[in-house]
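J.: Following this message is one structure expressed as structure tokens.
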Amino acid sequence: MIRVLLTVLLSFGLVFAFREWKQSRVLFGAILALTVGGLFFVWFDGASTTIANAMGVGRGADLVLYISSAISFVLVVSLLLRIKQLHEQLTQLARAIALANPVSGVEASSHDAGDVT
Amino acid sequence: MTDRMHAQPPRQVFAVIPAFNEGAAIIDVLRECRRHVDRIVVVDDASSDDTTQRALMPGVDVLRHPVNLGQGAALQTGITFALSRGATHVVTLDADGQHDPAEIGGMLQAMATGNVDVALGSRFKGAAIGISPVRRNVLQLAVLFTRVTTGLQVTDCHNGFRVFTAAAARRLRITQNRMAHASEVLEEIARKRMSYVEVPVTIRYTDYSMAKGQSSLNSLNILLDLVVHWLRK
């Protein structure tokens, strides 16, 4: 039962990875690899200990913990990119407003004391 | 007829000055600057002081961002505006008085002599008056980083004193809103194969500019911005 539940949850990860395709190829690859790796460990849990030992990690559970930490990090970076994307849209809007409303200095300015050459 | 067809448009040098809470210094900077350029564009990056009001003097156009975006964003806004008003050359410089507008003529001359797209001011070829040892070392590290990442053999980076021809300014795309834009400009020059010349300039670190300027620790933020920028590729 827990395997089915985890598979469903990780499948959302796959959907998330493909959503990232347009925004960042690096993130797409990272999320895809981590999600597929997670699915592998869900269905072949014995393999996690074997791989963990081969990688110098004591227990399979520890390896899974490390991978989940990596997934969290990737998700944080993904959110950072999304915030940056929103900020770019804000920049375009603010720039359009600024460009549409230029104000020119007047000749009779009170603090004018120099010459334009 | 042939001469008329190939006649160059009259030179129109625009200075673009991003400003954020520079009410105390902007008037002196503008008075000095307009002796050396045809028009000035001040981009007030949502200052909370009277920067906009003080900048309104003859020969100056002021644009105001409704929210604070950062120096890189302000530069791009100002450059876009200058090009729309017929600039043939775009000079960028800081609003805190660190740069000496009297050096603009030398930069334009160096561009004409070398027939290049961009003039980059170099404080390490010229003078960095009052620079702290920490700032000097951080900048030297940044120069090494820039040489490795862009291949440009520059002697200075994060120096906001530059001149672009209109054609080069049109090709330039500044997407880094904050201080990482300085690295991005050099990346753009390298990637788009713009020709450039480094010109010795003088940077004056005063108490005012040091208080207004970025901390050396901000280099970590710049690095993070560049990493995020790279991830989006």
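As shown in the structure tokens, the chain order sets the letters A, B, ...; within each chain, residues go from 1, and ligands are also counted from 1 in the order they appear.
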Counting only C-alpha atoms, a student should be able to say which residues of chain B come within 8 Å of chain A; what is the right answer, written as a PDB file with N, CA and C atoms, in the first residue's frame?

T.:
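Everything below was put into out_29.pdb:
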ATOM      1  N   ARG B  31      25.355  68.759 -12.824  1.00  0.00           N
ATOM      2  CA  ARG B  31      25.946  70.018 -13.302  1.00  0.00           C
ATOM      3  C   ARG B  31      27.272  69.765 -13.995  1.00  0.00           C
ATOM      4  N   GLU B  32      28.073  68.890 -13.410  1.00  0.00           N
ATOM      5  CA  GLU B  32      29.371  68.589 -14.014  1.00  0.00           C
ATOM      6  C   GLU B  32      29.198  67.761 -15.290  1.00  0.00           C
ATOM      7  N   ARG B  34      26.700  67.513 -17.443  1.00  0.00           N
ATOM      8  CA  ARG B  34      26.112  68.082 -18.657  1.00  0.00           C
ATOM      9  C   ARG B  34      27.060  69.017 -19.394  1.00  0.00           C
ATOM     10  N   ARG B  35      28.206  69.284 -18.822  1.00  0.00           N
ATOM     11  CA  ARG B  35      29.228  70.018 -19.574  1.00  0.00           C
ATOM     12  C   ARG B  35      29.881  69.126 -20.628  1.00  0.00           C
ATOM     13  N   HIS B  36      29.673  67.820 -20.498  1.00  0.00           N
ATOM     14  CA  HIS B  36      30.413  66.875 -21.334  1.00  0.00           C
ATOM     15  C   HIS B  36      29.521  65.990 -22.198  1.00  0.00           C
ATOM     16  N   VAL B  37      28.208  66.106 -22.039  1.00  0.00           N
ATOM     17  CA  VAL B  37      27.297  65.308 -22.865  1.00  0.00           C
ATOM     18  C   VAL B  37      26.181  66.205 -23.398  1.00  0.00           C
ATOM     19  N   ASP B  38      25.437  65.684 -24.366  1.00  0.00           N
ATOM     20  CA  ASP B  38      24.347  66.473 -24.953  1.00  0.00           C
ATOM     21  C   ASP B  38      23.066  66.384 -24.129  1.00  0.00           C
ATOM     22  N   ARG B  54      15.247  67.098  -7.461  1.00  0.00           N
ATOM     23  CA  ARG B  54      16.551  67.741  -7.589  1.00  0.00           C
ATOM     24  C   ARG B  54      17.178  67.508  -8.967  1.00  0.00           C
ATOM     25  N   ALA B  55      16.832  66.388  -9.576  1.00  0.00           N
ATOM     26  CA  ALA B  55      17.439  66.065 -10.877  1.00  0.00           C
ATOM     27  C   ALA B  55      16.805  66.855 -12.017  1.00  0.00           C
ATOM     28  N   LEU B  56      15.654  67.453 -11.775  1.00  0.00           N
ATOM     29  CA  LEU B  56      14.950  68.150 -12.850  1.00  0.00           C
ATOM     30  C   LEU B  56      15.618  69.483 -13.170  1.00  0.00           C
ATOM     31  N   MET B  57      16.579  69.430 -14.061  1.00  0.00           N
ATOM     32  CA  MET B  57      17.234  70.656 -14.519  1.00  0.00           C
ATOM     33  C   MET B  57      17.370  70.594 -16.033  1.00  0.00           C
ATOM     34  N   PRO B  58      17.641  71.705 -16.674  1.00  0.00           N
ATOM     35  CA  PRO B  58      17.704  71.719 -18.137  1.00  0.00           C
ATOM     36  C   PRO B  58      18.671  70.667 -18.684  1.00  0.00           C
ATOM     37  N   GLY B  59      18.242  70.024 -19.754  1.00  0.00           N
ATOM     38  CA  GLY B  59      19.094  69.013 -20.383  1.00  0.00           C
ATOM     39  C   GLY B  59      18.984  67.651 -19.740  1.00  0.00           C
ATOM     40  N   VAL B  60      18.081  67.532 -18.778  1.00  0.00           N
ATOM     41  CA  VAL B  60      17.958  66.259 -18.046  1.00  0.00           C
ATOM     42  C   VAL B  60      16.538  65.711 -18.185  1.00  0.00           C
ATOM     43  N   ASP B  61      16.440  64.444 -18.540  1.00  0.00           N
ATOM     44  CA  ASP B  61      15.158  63.740 -18.501  1.00  0.00           C
ATOM     45  C   ASP B  61      15.190  62.795 -17.312  1.00  0.00           C
ATOM     46  N   VAL B  62      14.116  62.784 -16.564  1.00  0.00           N
ATOM     47  CA  VAL B  62      14.050  61.903 -15.399  1.00  0.00           C
ATOM     48  C   VAL B  62      12.954  60.863 -15.614  1.00  0.00           C
ATOM     49  N   LEU B  63      13.350  59.607 -15.430  1.00  0.00           N
ATOM     50  CA  LEU B  63      12.381  58.512 -15.457  1.00  0.00           C
ATOM     51  C   LEU B  63      12.323  57.953 -14.040  1.00  0.00           C
ATOM     52  N   ARG B  64      11.157  57.502 -13.634  1.00  0.00           N
ATOM     53  CA  ARG B  64      11.057  57.006 -12.256  1.00  0.00           C
ATOM     54  C   ARG B  64      10.426  55.614 -12.245  1.00  0.00           C
ATOM     55  N   HIS B  65      11.168  54.654 -11.698  1.00  0.00           N
ATOM     56  CA  HIS B  65      10.586  53.323 -11.487  1.00  0.00           C
ATOM     57  C   HIS B  65       9.574  53.404 -10.344  1.00  0.00           C
ATOM     58  N   PRO B  66       8.404  52.798 -10.514  1.00  0.00           N
ATOM     59  CA  PRO B  66       7.422  52.832  -9.423  1.00  0.00           C
ATOM     60  C   PRO B  66       7.828  51.971  -8.227  1.00  0.00           C
ATOM     61  N   VAL B  67       8.707  51.001  -8.458  1.00  0.00           N
ATOM     62  CA  VAL B  67       9.233  50.183  -7.346  1.00  0.00           C
ATOM     63  C   VAL B  67      10.736  50.057  -7.537  1.00  0.00           C
ATOM     64  N   LEU B  69      14.031  48.472  -8.263  1.00  0.00           N
ATOM     65  CA  LEU B  69      14.402  47.274  -9.010  1.00  0.00           C
ATOM     66  C   LEU B  69      15.893  46.976  -8.927  1.00  0.00           C
ATOM     67  N   ALA B  73      18.614  47.187 -13.618  1.00  0.00           N
ATOM     68  CA  ALA B  73      17.321  47.478 -14.244  1.00  0.00           C
ATOM     69  C   ALA B  73      17.223  48.952 -14.627  1.00  0.00           C
ATOM     70  N   THR B  77      16.649  50.562 -18.385  1.00  0.00           N
ATOM     71  CA  THR B  77      15.556  51.515 -18.647  1.00  0.00           C
ATOM     72  C   THR B  77      16.122  52.793 -19.278  1.00  0.00           C
ATOM     73  N   PHE B  81      15.576  54.311 -23.150  1.00  0.00           N
ATOM     74  CA  PHE B  81      15.040  55.658 -23.363  1.00  0.00           C
ATOM     75  C   PHE B  81      15.996  56.493 -24.220  1.00  0.00           C
ATOM     76  N   THR B 175      19.719  41.839 -17.985  1.00  0.00           N
ATOM     77  CA  THR B 175      18.601  41.162 -17.302  1.00  0.00           C
ATOM     78  C   THR B 175      18.855  41.033 -15.803  1.00  0.00           C
ATOM     79  N   VAL B 228      22.212  31.609 -10.241  1.00  0.00           N
ATOM     80  CA  VAL B 228      20.794  31.476 -10.609  1.00  0.00           C
ATOM     81  C   VAL B 228      20.608  31.781 -12.093  1.00  0.00           C
ATOM     82  N   LEU B 231      21.690  28.814 -14.020  1.00  0.00           N
ATOM     83  CA  LEU B 231      20.735  27.703 -13.920  1.00  0.00           C
ATOM     84  C   LEU B 231      19.586  27.868 -14.889  1.00  0.00           C
ATOM     85  N   ARG B 232      19.255  29.097 -15.216  1.00  0.00           N
ATOM     86  CA  ARG B 232      18.097  29.335 -16.094  1.00  0.00           C
ATOM     87  C   ARG B 232      18.418  29.089 -17.543  1.00  0.00           C
ATOM     88  N   LYS B 233      19.686  28.850 -17.845  1.00  0.00           N
ATOM     89  CA  LYS B 233      20.034  28.652 -19.260  1.00  0.00           C
ATOM     90  C   LYS B 233      19.621  27.259 -19.717  1.00  0.00           C
TER      91      LYS B 233
END

J.: Identify, on the basis of only C-alpha atoms, every residue whose closest approach to B:Ala142 does not exceed 9 Å; exclude the query and any residue fewer than 6 positions from it along the same chain; express the result as a PyMOL selection string.

T.: chain B and resi 156-158+183+219

J.: May I have the residues from that selection written out with N, CA and C atoms, as a PDB file, in the first residue's frame?

T.:
ATOM      1  N   ASP B 156      39.723  45.650 -15.013  1.00  0.00           N
ATOM      2  CA  ASP B 156      38.763  46.111 -14.010  1.00  0.00           C
ATOM      3  C   ASP B 156      37.402  45.525 -14.359  1.00  0.00           C
ATOM      4  N   CYS B 157      36.572  45.364 -13.346  1.00  0.00           N
ATOM      5  CA  CYS B 157      35.183  44.970 -13.600  1.00  0.00           C
ATOM      6  C   CYS B 157      34.348  45.635 -12.512  1.00  0.00           C
ATOM      7  N   HIS B 158      33.068  45.583 -12.645  1.00  0.00           N
ATOM      8  CA  HIS B 158      32.179  46.285 -11.709  1.00  0.00           C
ATOM      9  C   HIS B 158      32.523  47.767 -11.642  1.00  0.00           C
ATOM     10  N   SER B 183      28.794  42.175 -14.189  1.00  0.00           N
ATOM     11  CA  SER B 183      29.378  40.963 -14.794  1.00  0.00           C
ATOM     12  C   SER B 183      28.637  40.609 -16.071  1.00  0.00           C
ATOM     13  N   SER B 219      29.567  40.789  -2.757  1.00  0.00           N
ATOM     14  CA  SER B 219      30.095  39.965  -3.844  1.00  0.00           C
ATOM     15  C   SER B 219      29.498  38.555  -3.767  1.00  0.00           C
TER      16      SER B 219
END

J.: Using only C-alpha atoms, which residues sit within 9 Å of stretch 188-197 of chain B once same-chain residues fewer than 3 positions away are excluded, as a list in words?

T.: Met107, Ala110, Met111, Gly114, Asn115, Val116, Asp117, Val118, Ala119, Leu120, Gly121, Thr150, Gly151, Leu152, Ala168, Arg171, Leu172, Arg173, Ile174, Ser183, Glu184 and Val185 of chain B

J.: Which residues are near stretch 89-97 of chain B? Cut-off 9 Å, only C-alpha atoms, ignore same chain within fewer than 2 positions. Put them as a PyMOL selection string.

T.: chain B and resi 11-20+22+24-26+28-30+37+42+75+79+82-83+87+99-101+104+108+159-167+169+203-206+208-209+212-213

J.: Identify, on the basis of only C-alpha atoms, every residue whose closest approach to A:Ile2 does not exceed 12 Å; exclude the query and any residue fewer than 6 positions from it along the same chain; express the result as an NGL selection string.

T.: :A and (8-9 or 42-43)

J.: To one decimal in Å, tell me the separation between atom CA of A:Gly13 and atom CA of B:Val227.

T.: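 Answer for the atom CA of A:Gly13 to atom CA of B:Val227 separation: 23.5 Å.
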
J.: Find the residue from B:Asp225, B:Glu103, B:Asp50, B:Asp45 that sits nearest to B:Gln76; use only C-alpha atoms when measuring.

T.: B:Asp45

J.: List the spatial neighbours of A:Arg3 as number ranges by chain - criterion: any atom at most 12 Å away, only C-alpha atoms, same-chain residues fewer than 6 positions off excluded.

T.: A: 9-11, 38-45

J.: Which value, in Å to one decimal, gives the distance between atom CA of B:Ala46 and atom CA of B:Ala180?

T.: 19.4 Å

J.: Among the residues of stretch 1-114 of chain A, find those DSSP assigns to alpha helix (DSSP H) from the backbone and print them as a short mmCIF file (atom, residue, chain, number, x, y, z; two decimals) with N, CA and C atoms, in the first residue's frame.

T.:
data_model
loop_
_atom_site.label_atom_id
_atom_site.label_comp_id
_atom_site.auth_asym_id
_atom_site.auth_seq_id
_atom_site.Cartn_x
_atom_site.Cartn_y
_atom_site.Cartn_z
N ILE A 2 1.88 1.26 0.90
CA ILE A 2 2.75 2.44 0.99
C ILE A 2 3.51 2.65 -0.33
N ARG A 3 3.82 1.52 -1.01
CA ARG A 3 4.53 1.64 -2.30
C ARG A 3 3.66 2.37 -3.33
N VAL A 4 2.38 2.04 -3.32
CA VAL A 4 1.47 2.69 -4.28
C VAL A 4 1.38 4.19 -3.98
N LEU A 5 1.25 4.50 -2.68
CA LEU A 5 1.15 5.90 -2.27
C LEU A 5 2.40 6.69 -2.67
N LEU A 6 3.57 6.10 -2.38
CA LEU A 6 4.83 6.78 -2.73
C LEU A 6 4.98 6.93 -4.24
N THR A 7 4.51 5.92 -4.96
CA THR A 7 4.61 5.98 -6.43
C THR A 7 3.76 7.14 -6.97
N VAL A 8 2.57 7.27 -6.39
CA VAL A 8 1.69 8.38 -6.82
C VAL A 8 2.36 9.72 -6.52
N LEU A 9 2.89 9.83 -5.30
CA LEU A 9 3.53 11.10 -4.91
C LEU A 9 4.73 11.42 -5.81
N LEU A 10 5.55 10.40 -6.08
CA LEU A 10 6.73 10.63 -6.92
C LEU A 10 6.35 10.92 -8.36
N SER A 11 5.18 10.39 -8.76
CA SER A 11 4.72 10.68 -10.13
C SER A 11 4.45 12.18 -10.30
N PHE A 12 4.02 12.80 -9.20
CA PHE A 12 3.85 14.26 -9.26
C PHE A 12 5.21 14.93 -9.54
N GLY A 13 6.25 14.30 -8.99
CA GLY A 13 7.61 14.81 -9.24
C GLY A 13 7.94 14.79 -10.71
N LEU A 14 7.49 13.71 -11.39
CA LEU A 14 7.74 13.62 -12.84
C LEU A 14 7.02 14.74 -13.58
N VAL A 15 5.77 14.96 -13.17
CA VAL A 15 4.99 16.04 -13.80
C VAL A 15 5.70 17.38 -13.57
N PHE A 16 6.18 17.57 -12.34
CA PHE A 16 6.88 18.80 -11.97
C PHE A 16 8.14 18.98 -12.83
N ALA A 17 8.85 17.86 -13.03
CA ALA A 17 10.08 17.91 -13.83
C ALA A 17 9.77 18.41 -15.24
N PHE A 18 8.72 17.85 -15.85
CA PHE A 18 8.41 18.25 -17.22
C PHE A 18 7.90 19.69 -17.29
N ARG A 19 7.29 20.15 -16.20
CA ARG A 19 6.89 21.57 -16.16
C ARG A 19 8.11 22.50 -16.16
N GLU A 20 9.22 22.00 -15.59
CA GLU A 20 10.43 22.82 -15.49
C GLU A 20 11.21 22.88 -16.80
N ARG A 25 16.75 23.63 -18.09
CA ARG A 25 17.10 22.26 -18.47
C ARG A 25 17.84 21.57 -17.32
N VAL A 26 18.64 22.34 -16.58
CA VAL A 26 19.42 21.77 -15.48
C VAL A 26 18.47 21.22 -14.41
N LEU A 27 17.48 22.04 -14.03
CA LEU A 27 16.52 21.60 -13.01
C LEU A 27 15.68 20.42 -13.51
N PHE A 28 15.30 20.47 -14.78
CA PHE A 28 14.53 19.38 -15.36
C PHE A 28 15.28 18.06 -15.18
N GLY A 29 16.56 18.07 -15.54
CA GLY A 29 17.38 16.85 -15.44
C GLY A 29 17.51 16.41 -13.99
N ALA A 30 17.73 17.38 -13.09
CA ALA A 30 17.94 17.04 -11.68
C ALA A 30 16.67 16.43 -11.08
N ILE A 31 15.52 17.06 -11.33
CA ILE A 31 14.26 16.56 -10.76
C ILE A 31 13.91 15.19 -11.34
N LEU A 32 14.14 15.06 -12.65
CA LEU A 32 13.84 13.78 -13.31
C LEU A 32 14.69 12.67 -12.72
N ALA A 33 16.00 12.93 -12.58
CA ALA A 33 16.90 11.91 -12.06
C ALA A 33 16.53 11.53 -10.62
N LEU A 34 16.24 12.54 -9.80
CA LEU A 34 15.91 12.26 -8.40
C LEU A 34 14.58 11.52 -8.28
N THR A 35 13.62 11.88 -9.11
CA THR A 35 12.31 11.23 -9.04
C THR A 35 12.40 9.77 -9.50
N VAL A 36 13.10 9.56 -10.60
CA VAL A 36 13.25 8.19 -11.11
C VAL A 36 14.04 7.36 -10.10
N GLY A 37 15.05 7.98 -9.50
CA GLY A 37 15.82 7.29 -8.46
C GLY A 37 14.93 6.91 -7.28
N GLY A 38 14.05 7.84 -6.89
CA GLY A 38 13.13 7.57 -5.78
C GLY A 38 12.20 6.41 -6.09
N LEU A 39 11.66 6.41 -7.31
CA LEU A 39 10.76 5.32 -7.72
C LEU A 39 11.48 3.97 -7.70
N PHE A 40 12.73 4.02 -8.13
CA PHE A 40 13.54 2.79 -8.14
C PHE A 40 13.67 2.22 -6.73
N PHE A 41 13.95 3.10 -5.76
CA PHE A 41 14.14 2.63 -4.38
C PHE A 41 12.83 2.18 -3.75
N VAL A 42 11.71 2.76 -4.19
CA VAL A 42 10.42 2.33 -3.66
C VAL A 42 10.14 0.88 -4.06
N TRP A 43 10.45 0.56 -5.31
CA TRP A 43 10.10 -0.78 -5.81
C TRP A 43 11.23 -1.79 -5.65
N ASP A 45 13.62 -1.93 -2.88
CA ASP A 45 14.19 -1.39 -1.65
C ASP A 45 15.46 -2.12 -1.22
N GLY A 46 15.57 -3.39 -1.60
CA GLY A 46 16.80 -4.13 -1.24
C GLY A 46 18.02 -3.53 -1.92
N ALA A 47 17.77 -2.95 -3.09
CA ALA A 47 18.90 -2.39 -3.85
C ALA A 47 19.50 -1.17 -3.15
N SER A 48 18.68 -0.48 -2.33
CA SER A 48 19.18 0.76 -1.72
C SER A 48 20.36 0.47 -0.79
N THR A 49 20.29 -0.64 -0.03
CA THR A 49 21.39 -0.99 0.87
C THR A 49 22.63 -1.36 0.06
N THR A 50 22.42 -2.13 -1.00
CA THR A 50 23.55 -2.53 -1.85
C THR A 50 24.25 -1.30 -2.44
N ILE A 51 23.42 -0.38 -2.97
CA ILE A 51 23.99 0.84 -3.58
C ILE A 51 24.64 1.72 -2.51
N ALA A 52 23.95 1.79 -1.33
CA ALA A 52 24.51 2.60 -0.24
C ALA A 52 25.88 2.07 0.16
N ASN A 53 25.99 0.77 0.30
CA ASN A 53 27.29 0.19 0.67
C ASN A 53 28.34 0.48 -0.39
N ALA A 54 27.91 0.37 -1.65
CA ALA A 54 28.87 0.64 -2.74
C ALA A 54 29.33 2.10 -2.73
N GLY A 60 20.83 1.71 3.69
CA GLY A 60 20.02 2.18 2.56
C GLY A 60 19.14 3.35 2.97
N ALA A 61 18.63 3.29 4.22
CA ALA A 61 17.75 4.37 4.71
C ALA A 61 18.49 5.71 4.73
N ASP A 62 19.78 5.64 5.10
CA ASP A 62 20.58 6.88 5.12
C ASP A 62 20.70 7.46 3.71
N LEU A 63 20.93 6.55 2.75
CA LEU A 63 21.09 7.01 1.36
C LEU A 63 19.81 7.70 0.88
N VAL A 64 18.67 7.09 1.22
CA VAL A 64 17.38 7.67 0.83
C VAL A 64 17.21 9.05 1.49
N LEU A 65 17.65 9.16 2.74
CA LEU A 65 17.57 10.45 3.45
C LEU A 65 18.40 11.51 2.73
N TYR A 66 19.61 11.11 2.32
CA TYR A 66 20.48 12.06 1.60
C TYR A 66 19.82 12.52 0.30
N ILE A 67 19.23 11.52 -0.38
CA ILE A 67 18.60 11.87 -1.66
C ILE A 67 17.41 12.82 -1.44
N SER A 68 16.65 12.55 -0.36
CA SER A 68 15.50 13.45 -0.11
C SER A 68 15.99 14.86 0.23
N SER A 69 17.14 14.95 0.90
CA SER A 69 17.71 16.28 1.17
C SER A 69 18.06 16.98 -0.14
N ALA A 70 18.62 16.20 -1.06
CA ALA A 70 18.98 16.76 -2.37
C ALA A 70 17.74 17.24 -3.10
N ILE A 71 16.65 16.43 -2.99
CA ILE A 71 15.39 16.82 -3.64
C ILE A 71 14.89 18.15 -3.07
N SER A 72 14.98 18.29 -1.74
CA SER A 72 14.53 19.53 -1.09
C SER A 72 15.33 20.71 -1.61
N PHE A 73 16.63 20.51 -1.75
CA PHE A 73 17.49 21.59 -2.24
C PHE A 73 17.09 22.01 -3.65
N VAL A 74 16.86 21.00 -4.49
CA VAL A 74 16.48 21.30 -5.88
C VAL A 74 15.15 22.05 -5.92
N LEU A 75 14.22 21.65 -5.03
CA LEU A 75 12.92 22.33 -5.00
C LEU A 75 13.08 23.80 -4.58
N VAL A 76 13.98 24.04 -3.62
CA VAL A 76 14.21 25.42 -3.18
C VAL A 76 14.77 26.25 -4.34
N VAL A 77 15.72 25.67 -5.08
CA VAL A 77 16.29 26.38 -6.22
C VAL A 77 15.21 26.65 -7.26
N SER A 78 14.33 25.64 -7.43
CA SER A 78 13.25 25.80 -8.40
C SER A 78 12.34 26.98 -8.02
N LEU A 79 12.04 27.07 -6.73
CA LEU A 79 11.20 28.19 -6.26
C LEU A 79 11.91 29.52 -6.46
N LEU A 80 13.23 29.51 -6.24
CA LEU A 80 14.03 30.73 -6.44
C LEU A 80 13.92 31.20 -7.90
N LEU A 81 13.98 30.23 -8.81
CA LEU A 81 13.87 30.58 -10.24
C LEU A 81 12.49 31.13 -10.57
N ARG A 82 11.47 30.55 -9.90
CA ARG A 82 10.12 31.02 -10.17
C ARG A 82 9.94 32.46 -9.66
N ILE A 83 10.54 32.73 -8.51
CA ILE A 83 10.47 34.09 -7.97
C ILE A 83 11.18 35.05 -8.92
N LYS A 84 12.30 34.61 -9.46
CA LYS A 84 13.05 35.46 -10.39
C LYS A 84 12.22 35.75 -11.64
N GLN A 85 11.49 34.73 -12.08
CA GLN A 85 10.65 34.91 -13.26
C GLN A 85 9.56 35.98 -12.99
N LEU A 86 8.97 35.89 -11.80
CA LEU A 86 7.96 36.89 -11.43
C LEU A 86 8.59 38.28 -11.35
N HIS A 87 9.81 38.33 -10.85
CA HIS A 87 10.51 39.61 -10.71
C HIS A 87 10.79 40.22 -12.08
N GLU A 88 11.07 39.35 -13.05
CA GLU A 88 11.30 39.85 -14.41
C GLU A 88 10.03 40.49 -14.98
N GLN A 89 8.90 39.86 -14.67
CA GLN A 89 7.64 40.43 -15.16
C GLN A 89 7.37 41.78 -14.49
N LEU A 90 7.71 41.84 -13.21
CA LEU A 90 7.55 43.11 -12.48
C LEU A 90 8.47 44.18 -13.09
N THR A 91 9.67 43.77 -13.46
CA THR A 91 10.64 44.70 -14.06
C THR A 91 10.09 45.28 -15.37
N GLN A 92 9.53 44.39 -16.19
CA GLN A 92 8.99 44.85 -17.48
C GLN A 92 7.86 45.86 -17.27
N LEU A 93 7.04 45.55 -16.28
CA LEU A 93 5.91 46.45 -15.99
C LEU A 93 6.41 47.81 -15.49
N ALA A 94 7.33 47.76 -14.54
CA ALA A 94 7.86 49.01 -13.96
C ALA A 94 8.59 49.83 -15.03
N ARG A 95 9.33 49.12 -15.90
CA ARG A 95 10.06 49.82 -16.97
C ARG A 95 9.09 50.50 -17.93
N ALA A 96 8.02 49.78 -18.29
CA ALA A 96 7.04 50.35 -19.22
C ALA A 96 6.42 51.62 -18.62
N ILE A 97 6.13 51.58 -17.32
CA ILE A 97 5.54 52.75 -16.65
C ILE A 97 6.53 53.91 -16.65
N ALA A 98 7.81 53.61 -16.35
CA ALA A 98 8.83 54.67 -16.31
C ALA A 98 9.04 55.29 -17.69
N LEU A 99 9.10 54.44 -18.72
CA LEU A 99 9.36 54.94 -20.08
C LEU A 99 8.17 55.76 -20.61
N ALA A 100 6.99 55.45 -20.12
CA ALA A 100 5.80 56.16 -20.60
C ALA A 100 5.62 57.52 -19.92
#

J.: Just the number, please: distance in Å from atom CA of B:Arg136 to atom CA of B:Val201, one decimal.

T.: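 So the answer is 15.3 Å.
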